[in-house]
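For reference, the structure is listed below as structure tokens.
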2 protein chains.
Amino acid sequence: MNPTLEIFSQGEEIVTGQTVDTNAAWLSERAVNMGFTVTRHTAVGDKLNDLIALLREISVRADCCICTGGLGPTCDDLTAEAVAKAFALPLEFDEIAFAQIKQFFTIRNRGMPASNRKQALLPKGAERIDNAWGTAPGFSLQVERCWFAFIPGVPNEMRHLFLESVQPSLASRFSLRPDRLIILRTLGIGESAIQERISAIEIPVSVQLGFRASPDDVQTKLLFPHDYPEVALIGLVDKIVAELGSSIFAIDGLGRASGDLVFTIDQLMIAAKHTLAVVETASQGLLAAKCLGKDWLLETRYEQSLERLAKKLAVTVNTDDLSATAQAVASEIHQTGATDFVLVQLYSGDKQTFHDKDQAIILYNVLLTGDGCYQTTHSVAGPIERKQNQAALLALDLLRRYLQHKEF
Amino acid sequence: MNPTLEIFSQGEEIVTGQTVDTNAAWLSERAVNMGFTVTRHTAVGDKLNDLIALLREISVRADCCICTGGLGPTCDDLTAEAVAKAFALPLEFDEIAFAQIKQFFTIRNRGMPASNRKQALLPKGAERIDNAWGTAPGFSLQVERCWFAFIPGVPNEMRHLFLESVQPSLASRFSLRPDRLIILRTLGIGESAIQERISAIEIPVSVQLGFRASPDDVQTKLLFPHDYPEVALIGLVDKIVAELGSSIFAIDGLGRASGDLVFTIDQLMIAAKHTLAVVETASQGLLAAKCLGKDWLLETRYEQSLERLAKKLAVTVNTDDLSATAQAVASEIHQTGATDFVLVQLYSGDKQTFHDKDQAIILYNVLLTGDGCYQTTHSVAGPIERKQNQAALLALDLLRRYLQHKEF
């Protein structure tokens with residue numbers, strides 16, 4: 001039997017529906033991957049009695065509980081007080097926590113408001129979890145059956161504290177035998193198309209096959225028992241790779257560094273020391289934003305109208321052949337921009353088509369490189385935010401395919 | 001006292017983190033607006049004993065509970081069975097429900113799988129909730145203190161059944177008097193600084209004051225009882241507005257249309273028919289991406305290095321006065337770009353400073369308009385994603401302050 005784990009989210013904004021609790025799903029996925037059985041998620045508001053009741057319930061019901069939220073400096077942040085009352089543990093002033101909180105403000109050249117002092121009060125016996133990303137230190141403690149970890153609810157802080165502090169503690173405290181999860185990440189091919197392509201491959205009954213479509217990729221997931229033979233595992237993954245080919249941009253779980261599309265591109269661009277300039281239209285800045293802090297991206301521009309762009313660059317627009325127009329734009333930018341590659345994204349479809357979720361735009365991506373011009377064309381429908389995101393991903397994916405395979 | 005309401009979500013995909021439970025937030029927001037106090041969200045997987053235990057808990061704890069999921073035709077859909085076992089109510093075959101399920105398939109020219117028959121089994125005494133959007137009928141019943149409504153977890157079906165059936169039932173069963181929530185949204189001032197600034201204002205005990213810091217704004221929230229006098233309400237809000245001044249970009253709950261920062265700017269730009277060109281550095285495309293599909297944003301560009309940008313525009317860089325440099329950049333772009341306004345964002349701090357969460361960059365924003373140049377300077381620390389987001393927001397906020405107040 002795997003140890004059981006519960007997720008406990010605190011915050012009036014969650015129970016009143018102003019915030020969707022994405023922390024619970026994020027934490028659960030990682031806990032399941034570690035080998036826990038997640039049995040419950042519970043969210044309560046900023047009410048002391050509700051918090052106390054819930055803490056007591058969980059303390060005798062679960063082996064472990066990750067709690068988010070309620071660690072801030074204001075009067076509605078009640079977690080430490082609730083823990084103290086629920087388990088009759090006095091609050092004690094933690095000098096080191098206080099020094100860290102003061103330093104947080106010092107670094108930012110801001111005075112520390114008096115209210116932040118309360119964040120240094122921790123229940124007796126609790127172990128502090130240092131927070132280098134915000135003012136709220138977390139803490140952990142064992143009560144009855146349950147090991148509790150309390151971390152901030154701000155997603156960025158929560159993720160850092162979980163990965164860097166809570167996860168290692170869990171791994172050393174519990175005897176876990178996680179199943180092995182392999183994820184093949186693809187772009188440009190749908191869930192049901194993947195299912196059809198791999199339907200001839202025999203999947204052993206002990207292996208769980210699943211699919212998941214997210215905004216940024218489509219994932220084919222294989223869950224192997226912890227004692228599944230390595231050779232057989234690699235053999236099965238290889239068969240699927242053979243069917244899906246260059247649509248796969250990364251594989252998680254085989255021990256190699258892997259991540260999202262930008263991570264993959266970043267590794268390849270750094271290794272080859274290439275530089276890039278980009279023209280965005282439908283993605284409207286999102287492509288650049290996704291490549292935050294990457295040294296190889298030297299410049300990008302967004303133009304609302306192709307006519308304005310063409311006029312500035314003295315390029316002729318051929319509305320019957322936007323790929324040719326994109327090539328002309330790329331050449332022009334290549335001459336003035338001094339980058340190795342130029343990636344240009346144009347699309348056909350008027351304003352109404354772009355805004356209407358039931359209509360599709362046609363995307364024309366062109367990549368100009370030292371050894372020629374490469375291009376892809378895609379049709380994308382859905383809400384405007386989906387069109388923006390797909391436009392950014394599909395342009396980047398042309399670059400990725402060039403770098404990985406020179407295959408399109 | 002408002003009646004209390006809990007949300008109960010069933011599904012293995014929720015507790016394992018494969019699906020973010022957006023239903024809970026959607027339902028809660030509507031319940032709060034109707035006048036319920038939402039006290040808890042709970043999610044459990046497809047395990048009969050967990051479901052039974054939770055149903056019994058809630059039946060004596062809450063006045064009302066909306067349950068989603070577990071009404072499908074497969075073996076892991078256990079809600080009706082769990083209700084039957086939890087409250088010793090035999091399952092009864094509902095002829096009308098069965099006729100509706102059969103009709104669902106007939107309309108679609110598909111044969112009904114045998115497994116769908118079980119969806120017509122409802123606990124004795126339950127009232128059927130017809131489902132015209134799928135095969136799973138919902139049902140409601142009173143047990144102990146609690147009135148339960150069980151509806152499907154598929155978001156589209158859930159929303160239809162709630163709005164068309166559950167919400168009217170709630171309105172007739174409960175005597176509801178909704179509280180009134182006012183939210184003041186600010187930028188450029190922290191939670192604790194707000195608390196200090198308004199500390200001298202006397203908040204009546206019947207009014208609940210709360211704060212919430214999100215990546216995109218800091219919210220000061222006031223929850224008034226339903227019968228709070230309008231004049232006193234406006235008076236209190238005005239006092240807070242006087243303290244926080246032009247940091248407030250929007251107020252929710254006063255009957256005016258309001259939303260996030262881009263929504264506010266969009267209204268003002270459309271009303272005044274202005275157009276804008278932008279130079280991004282630290283925000284790296286995110287400012288443009290946030291303004292997706294807005295007609296007034298004609299062009300944006302991102303340059304990784306100020307030297308490249310200055311060379312292209314033939315502008316001299318003055319590293320001791322980046323505001324002056326930004327003004328020169330704005331003038332140059334204004335001459336070639338043909339927009340009413342030019343917004344230029346520069347920052348000081350090298351690559352390492354930008355990436356290091358413990359170091360701050362200094363942002364220099366300049367807005368060139370028909371009646372002059374306006375500027376702001378901010379220090380921003382934190383992870384690179386925070387710097388990017390704050391850079392986008394603070395540049396946009398300079399534009400907002402100009403449009404709303406001409407105050408900086």
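Chains: A, B, ... in order of the structure tokens. Residues: from 1 per chain. Ligands: from 1, in order shown.
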Checklist entry - Any idea what's packed within 12 Å of B:Ser214, counting only C-alpha atoms, ignoring anything in its chain fewer than 2 positions away? Could you give it as a list in words? => result Glu13, Gln18, Thr19, Gly153, Val154, Pro155 and Asn156 of chain A; Arg185, Thr186, Leu187, Gly190, Glu191, Phe211, Arg212, Asp216, Asp217, Val218, Gln219, Thr220, Asp260, Arg386, Asn389 and Gln390 of chain B
Any chance you could export the current selection's N, CA and C atoms as a tab-separated table (two decimals), in the first residue's frame?
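Output saved as again.tsv:
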```tsv
chain	number	residue	atom	x	y	z
A	13	GLU	N	-10.34	33.31	-1.36
A	13	GLU	CA	-10.45	33.49	-2.81
A	13	GLU	C	-10.67	32.15	-3.51
A	18	GLN	N	-13.02	32.90	-6.68
A	18	GLN	CA	-12.30	33.94	-7.41
A	18	GLN	C	-11.00	33.44	-8.01
A	19	THR	N	-10.47	32.38	-7.40
A	19	THR	CA	-9.25	31.77	-7.91
A	19	THR	C	-9.49	30.29	-8.14
A	153	GLY	N	0.80	29.95	-0.79
A	153	GLY	CA	-0.12	29.64	-1.87
A	153	GLY	C	0.21	30.32	-3.20
A	154	VAL	N	1.11	31.31	-3.17
A	154	VAL	CA	1.54	31.96	-4.42
A	154	VAL	C	2.23	30.89	-5.27
A	155	PRO	N	1.70	30.59	-6.48
A	155	PRO	CA	2.17	29.42	-7.22
A	155	PRO	C	3.68	29.36	-7.40
A	156	ASN	N	4.31	30.46	-7.72
A	156	ASN	CA	5.75	30.44	-7.95
A	156	ASN	C	6.52	30.04	-6.69
B	185	ARG	N	-8.69	47.46	-7.26
B	185	ARG	CA	-7.51	46.85	-7.87
B	185	ARG	C	-6.41	47.88	-8.05
B	186	THR	N	-5.22	47.56	-7.53
B	186	THR	CA	-4.09	48.51	-7.60
B	186	THR	C	-2.87	47.87	-8.21
B	187	LEU	N	-1.94	48.72	-8.62
B	187	LEU	CA	-0.64	48.29	-9.13
B	187	LEU	C	0.42	49.20	-8.54
B	190	GLY	N	2.40	47.47	-2.52
B	190	GLY	CA	2.25	46.12	-1.95
B	190	GLY	C	1.10	46.01	-0.97
B	191	GLU	N	0.75	44.75	-0.65
B	191	GLU	CA	-0.34	44.43	0.28
B	191	GLU	C	-0.18	45.13	1.63
B	211	PHE	N	-7.24	41.27	1.66
B	211	PHE	CA	-6.28	41.66	0.63
B	211	PHE	C	-5.90	40.43	-0.17
B	212	ARG	N	-5.52	40.67	-1.40
B	212	ARG	CA	-5.07	39.56	-2.21
B	212	ARG	C	-4.04	40.05	-3.22
B	216	ASP	N	-0.85	39.94	-11.22
B	216	ASP	CA	-1.26	41.05	-12.07
B	216	ASP	C	-1.85	42.26	-11.35
B	217	ASP	N	-2.14	42.12	-10.07
B	217	ASP	CA	-2.60	43.28	-9.30
B	217	ASP	C	-2.60	42.95	-7.81
B	218	VAL	N	-2.83	43.97	-7.00
B	218	VAL	CA	-3.08	43.74	-5.58
B	218	VAL	C	-4.51	44.21	-5.33
B	219	GLN	N	-5.33	43.35	-4.72
B	219	GLN	CA	-6.73	43.67	-4.52
B	219	GLN	C	-7.03	43.96	-3.06
B	220	THR	N	-7.73	45.05	-2.83
B	220	THR	CA	-8.25	45.36	-1.51
B	220	THR	C	-9.75	45.08	-1.57
B	260	ASP	N	-9.34	43.73	-15.73
B	260	ASP	CA	-7.91	43.84	-15.45
B	260	ASP	C	-7.35	45.12	-16.09
B	386	ARG	N	8.87	37.09	-12.91
B	386	ARG	CA	8.24	38.21	-12.22
B	386	ARG	C	8.73	39.54	-12.81
B	389	ASN	N	6.92	40.10	-16.05
B	389	ASN	CA	5.51	40.45	-15.89
B	389	ASN	C	5.34	41.85	-15.33
B	390	GLN	N	6.14	42.19	-14.30
B	390	GLN	CA	6.06	43.53	-13.72
B	390	GLN	C	6.48	44.58	-14.74
```
Item to check | Backbone-only DSSP, helix (DSSP H, G or I) members of stretch 169-376 of chain B, as a ChimeraX atom specification | outcome: /B:169-173,191-197,230-247,261-272,286-290,306-313,322-337,351-355
Hey, can you spit out that residue selection with C-alpha atoms as a PDB file, in the first residue's frame?
```
ATOM      1  CA  SER B 169     -34.237  25.255  -6.871  1.00  0.00           C
ATOM      2  CA  LEU B 170     -31.725  26.920  -4.553  1.00  0.00           C
ATOM      3  CA  ALA B 171     -33.434  30.301  -4.934  1.00  0.00           C
ATOM      4  CA  SER B 172     -36.801  28.834  -3.942  1.00  0.00           C
ATOM      5  CA  ARG B 173     -35.538  26.566  -1.148  1.00  0.00           C
ATOM      6  CA  GLU B 191      -0.343  44.433   0.280  1.00  0.00           C
ATOM      7  CA  SER B 192       1.191  45.513   3.545  1.00  0.00           C
ATOM      8  CA  ALA B 193       1.835  49.070   2.313  1.00  0.00           C
ATOM      9  CA  ILE B 194      -1.869  49.329   1.439  1.00  0.00           C
ATOM     10  CA  GLN B 195      -2.823  48.056   4.877  1.00  0.00           C
ATOM     11  CA  GLU B 196      -0.632  50.724   6.466  1.00  0.00           C
ATOM     12  CA  ARG B 197      -1.944  53.546   4.284  1.00  0.00           C
ATOM     13  CA  GLU B 230     -25.535  52.604   0.041  1.00  0.00           C
ATOM     14  CA  VAL B 231     -24.429  56.077   1.157  1.00  0.00           C
ATOM     15  CA  ALA B 232     -22.236  54.640   3.907  1.00  0.00           C
ATOM     16  CA  LEU B 233     -20.822  52.072   1.483  1.00  0.00           C
ATOM     17  CA  ILE B 234     -19.859  54.735  -1.050  1.00  0.00           C
ATOM     18  CA  GLY B 235     -18.481  56.884   1.760  1.00  0.00           C
ATOM     19  CA  LEU B 236     -16.169  54.128   2.981  1.00  0.00           C
ATOM     20  CA  VAL B 237     -14.989  53.256  -0.529  1.00  0.00           C
ATOM     21  CA  ASP B 238     -14.285  56.943  -1.203  1.00  0.00           C
ATOM     22  CA  LYS B 239     -12.117  57.201   1.903  1.00  0.00           C
ATOM     23  CA  ILE B 240      -9.988  54.291   0.728  1.00  0.00           C
ATOM     24  CA  VAL B 241      -9.809  55.705  -2.784  1.00  0.00           C
ATOM     25  CA  ALA B 242      -8.556  58.990  -1.305  1.00  0.00           C
ATOM     26  CA  GLU B 243      -5.695  57.147   0.421  1.00  0.00           C
ATOM     27  CA  LEU B 244      -4.662  54.930  -2.485  1.00  0.00           C
ATOM     28  CA  GLY B 245      -5.206  57.543  -5.186  1.00  0.00           C
ATOM     29  CA  SER B 246      -4.055  56.902  -8.708  1.00  0.00           C
ATOM     30  CA  SER B 247      -2.644  53.478  -7.782  1.00  0.00           C
ATOM     31  CA  LEU B 261      -5.390  46.519 -16.430  1.00  0.00           C
ATOM     32  CA  VAL B 262      -5.600  45.818 -20.160  1.00  0.00           C
ATOM     33  CA  PHE B 263      -9.407  45.957 -19.991  1.00  0.00           C
ATOM     34  CA  THR B 264      -9.175  49.407 -18.347  1.00  0.00           C
ATOM     35  CA  ILE B 265      -6.677  50.681 -20.917  1.00  0.00           C
ATOM     36  CA  ASP B 266      -8.686  49.199 -23.779  1.00  0.00           C
ATOM     37  CA  GLN B 267     -11.800  51.148 -22.764  1.00  0.00           C
ATOM     38  CA  LEU B 268      -9.822  54.397 -22.541  1.00  0.00           C
ATOM     39  CA  MET B 269      -7.886  53.920 -25.784  1.00  0.00           C
ATOM     40  CA  ILE B 270     -11.016  53.023 -27.753  1.00  0.00           C
ATOM     41  CA  ALA B 271     -12.920  55.997 -26.325  1.00  0.00           C
ATOM     42  CA  ALA B 272     -10.113  58.438 -27.238  1.00  0.00           C
ATOM     43  CA  LEU B 286       4.719  40.002 -22.884  1.00  0.00           C
ATOM     44  CA  LEU B 287       3.316  43.535 -23.051  1.00  0.00           C
ATOM     45  CA  ALA B 288       2.250  42.944 -26.666  1.00  0.00           C
ATOM     46  CA  ALA B 289       0.946  39.467 -25.811  1.00  0.00           C
ATOM     47  CA  LYS B 290      -1.265  40.860 -23.038  1.00  0.00           C
ATOM     48  CA  LEU B 306      20.113  48.607 -26.038  1.00  0.00           C
ATOM     49  CA  GLU B 307      23.227  49.066 -28.185  1.00  0.00           C
ATOM     50  CA  ARG B 308      21.621  47.255 -31.160  1.00  0.00           C
ATOM     51  CA  LEU B 309      18.437  49.261 -30.755  1.00  0.00           C
ATOM     52  CA  ALA B 310      20.302  52.580 -30.504  1.00  0.00           C
ATOM     53  CA  LYS B 311      22.433  51.772 -33.543  1.00  0.00           C
ATOM     54  CA  LYS B 312      19.401  50.957 -35.683  1.00  0.00           C
ATOM     55  CA  LEU B 313      17.657  54.156 -34.687  1.00  0.00           C
ATOM     56  CA  LEU B 322      18.245  55.991 -19.386  1.00  0.00           C
ATOM     57  CA  SER B 323      15.079  58.096 -19.185  1.00  0.00           C
ATOM     58  CA  ALA B 324      16.661  60.555 -21.601  1.00  0.00           C
ATOM     59  CA  THR B 325      17.767  57.687 -23.832  1.00  0.00           C
ATOM     60  CA  ALA B 326      14.238  56.264 -23.771  1.00  0.00           C
ATOM     61  CA  GLN B 327      12.902  59.697 -24.762  1.00  0.00           C
ATOM     62  CA  ALA B 328      15.279  59.824 -27.710  1.00  0.00           C
ATOM     63  CA  VAL B 329      14.186  56.322 -28.780  1.00  0.00           C
ATOM     64  CA  ALA B 330      10.524  57.312 -28.458  1.00  0.00           C
ATOM     65  CA  SER B 331      11.029  60.451 -30.595  1.00  0.00           C
ATOM     66  CA  GLU B 332      12.784  58.463 -33.300  1.00  0.00           C
ATOM     67  CA  ILE B 333      10.031  55.834 -33.428  1.00  0.00           C
ATOM     68  CA  HIS B 334       7.362  58.520 -33.361  1.00  0.00           C
ATOM     69  CA  GLN B 335       8.799  60.015 -36.541  1.00  0.00           C
ATOM     70  CA  THR B 336       8.720  56.763 -38.517  1.00  0.00           C
ATOM     71  CA  GLY B 337       5.877  54.871 -36.852  1.00  0.00           C
ATOM     72  CA  LYS B 351      22.245  39.806 -17.700  1.00  0.00           C
ATOM     73  CA  GLN B 352      23.135  38.301 -14.356  1.00  0.00           C
ATOM     74  CA  THR B 353      21.060  40.888 -12.478  1.00  0.00           C
ATOM     75  CA  PHE B 354      18.097  40.141 -14.719  1.00  0.00           C
ATOM     76  CA  HIS B 355      18.291  36.387 -14.068  1.00  0.00           C
TER      77      HIS B 355
END
```
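Neighbours of B:Val344 closer than or equal to 6 Å, with only C-alpha atoms counted and sequence neighbours fewer than 5 positions away skipped, come out as Val278, Val279, Ala326, Asn365 and Val366 of chain B.
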Given the selection you just returned, output its residues as a file containing C-alpha atoms, formatted as a short mmCIF file (atom, residue, chain, number, x, y, z; two decimals), in the first residue's frame.
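Below is the file selection_28.cif, written as the result:
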```
data_model
loop_
_atom_site.label_atom_id
_atom_site.label_comp_id
_atom_site.auth_asym_id
_atom_site.auth_seq_id
_atom_site.Cartn_x
_atom_site.Cartn_y
_atom_site.Cartn_z
CA VAL B 278 5.88 50.06 -28.03
CA VAL B 279 9.53 49.18 -27.42
CA ALA B 326 14.24 56.26 -23.77
CA ASN B 365 9.36 53.85 -18.81
CA VAL B 366 8.72 56.79 -21.09
#
```
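Among the candidate residues B:Pro225, B:Gly210, B:Gly72, B:Pro178, the one lying nearest to B:Gly35 is B:Pro178, with distances computed using only C-alpha atoms.
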Item to check | 6 Å contacts from chain B to chain A using only C-alpha atoms, as an NGL selection string | outcome: :B and (15-17 or 20 or 22 or 25 or 28-29 or 38-44 or 284-286 or 288-289 or 298-304)
When DSSP works through the backbone of this structure, what residues of stretch 224-407 of chain B end up as strand (DSSP E or B), shown as a PDB file with C-alpha atoms, in the first residue's frame?
```
ATOM      1  CA  PHE B 224     -20.583  44.535   3.001  1.00  0.00           C
ATOM      2  CA  ILE B 248      -6.214  52.213  -8.188  1.00  0.00           C
ATOM      3  CA  PHE B 249      -6.859  51.257 -11.794  1.00  0.00           C
ATOM      4  CA  ALA B 250     -10.303  49.665 -11.388  1.00  0.00           C
ATOM      5  CA  ILE B 251     -13.070  49.112  -8.832  1.00  0.00           C
ATOM      6  CA  ASP B 252     -15.308  46.021  -9.114  1.00  0.00           C
ATOM      7  CA  LEU B 276       0.295  53.086 -29.786  1.00  0.00           C
ATOM      8  CA  ALA B 277       3.772  51.800 -30.678  1.00  0.00           C
ATOM      9  CA  VAL B 278       5.878  50.061 -28.031  1.00  0.00           C
ATOM     10  CA  VAL B 279       9.528  49.183 -27.421  1.00  0.00           C
ATOM     11  CA  GLU B 280       9.944  46.302 -24.988  1.00  0.00           C
ATOM     12  CA  LEU B 297      -1.638  48.565 -30.635  1.00  0.00           C
ATOM     13  CA  LEU B 298      -0.087  48.985 -34.081  1.00  0.00           C
ATOM     14  CA  GLU B 299       3.494  47.775 -33.557  1.00  0.00           C
ATOM     15  CA  THR B 300       5.909  46.585 -30.928  1.00  0.00           C
ATOM     16  CA  ARG B 301       9.514  45.580 -30.968  1.00  0.00           C
ATOM     17  CA  TYR B 302      11.844  43.804 -28.600  1.00  0.00           C
ATOM     18  CA  GLU B 303      15.604  44.235 -28.659  1.00  0.00           C
ATOM     19  CA  PHE B 341       1.728  57.482 -28.585  1.00  0.00           C
ATOM     20  CA  VAL B 342       5.062  55.730 -28.214  1.00  0.00           C
ATOM     21  CA  LEU B 343       5.800  53.766 -25.048  1.00  0.00           C
ATOM     22  CA  VAL B 344       9.450  52.857 -24.445  1.00  0.00           C
ATOM     23  CA  GLN B 345      10.716  50.582 -21.713  1.00  0.00           C
ATOM     24  CA  LEU B 346      14.421  50.402 -20.893  1.00  0.00           C
ATOM     25  CA  TYR B 347      16.152  48.963 -17.873  1.00  0.00           C
ATOM     26  CA  SER B 348      19.494  49.049 -16.157  1.00  0.00           C
ATOM     27  CA  ILE B 361      16.639  45.881 -12.156  1.00  0.00           C
ATOM     28  CA  ILE B 362      15.643  49.535 -12.548  1.00  0.00           C
ATOM     29  CA  LEU B 363      12.901  50.083 -15.113  1.00  0.00           C
ATOM     30  CA  TYR B 364      12.662  53.367 -17.025  1.00  0.00           C
ATOM     31  CA  ASN B 365       9.361  53.851 -18.809  1.00  0.00           C
ATOM     32  CA  VAL B 366       8.724  56.792 -21.092  1.00  0.00           C
ATOM     33  CA  LEU B 367       5.423  57.654 -22.754  1.00  0.00           C
ATOM     34  CA  LEU B 368       5.545  60.105 -25.640  1.00  0.00           C
ATOM     35  CA  THR B 369       2.180  61.771 -26.321  1.00  0.00           C
ATOM     36  CA  GLY B 372       4.540  65.830 -23.914  1.00  0.00           C
ATOM     37  CA  CYS B 373       6.656  63.070 -22.462  1.00  0.00           C
ATOM     38  CA  TYR B 374       5.824  61.274 -19.199  1.00  0.00           C
ATOM     39  CA  GLN B 375       8.032  58.923 -17.296  1.00  0.00           C
ATOM     40  CA  THR B 376       8.214  56.529 -14.357  1.00  0.00           C
ATOM     41  CA  THR B 377      11.042  54.630 -12.692  1.00  0.00           C
ATOM     42  CA  HIS B 378      10.627  51.416 -10.717  1.00  0.00           C
ATOM     43  CA  SER B 379      12.861  48.885  -9.021  1.00  0.00           C
ATOM     44  CA  VAL B 380      11.803  45.270  -9.586  1.00  0.00           C
TER      45      VAL B 380
END
```
Checklist entry - After fitting chain B to chain A over all Cα atoms matched in order, what RMSD is left? => result 5.0 Å
Checklist entry - From the set B:Pro3, B:Gly255, B:Pro204, B:Pro123, which residue has the shortest atom-to-atom contact distance to B:Arg145, counting only C-alpha atoms? => result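 Distance minimum relative to B:Arg145 lands on B:Pro3.
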Checklist entry - Between atom CA of A:Ile66 and atom CA of A:Ala149, what is the distance, to one decimal in Å? => result 5.0 Å
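We find atom CA of B:Gly382 and atom CA of A:Glu95 to be spaced 23.3 Å apart.
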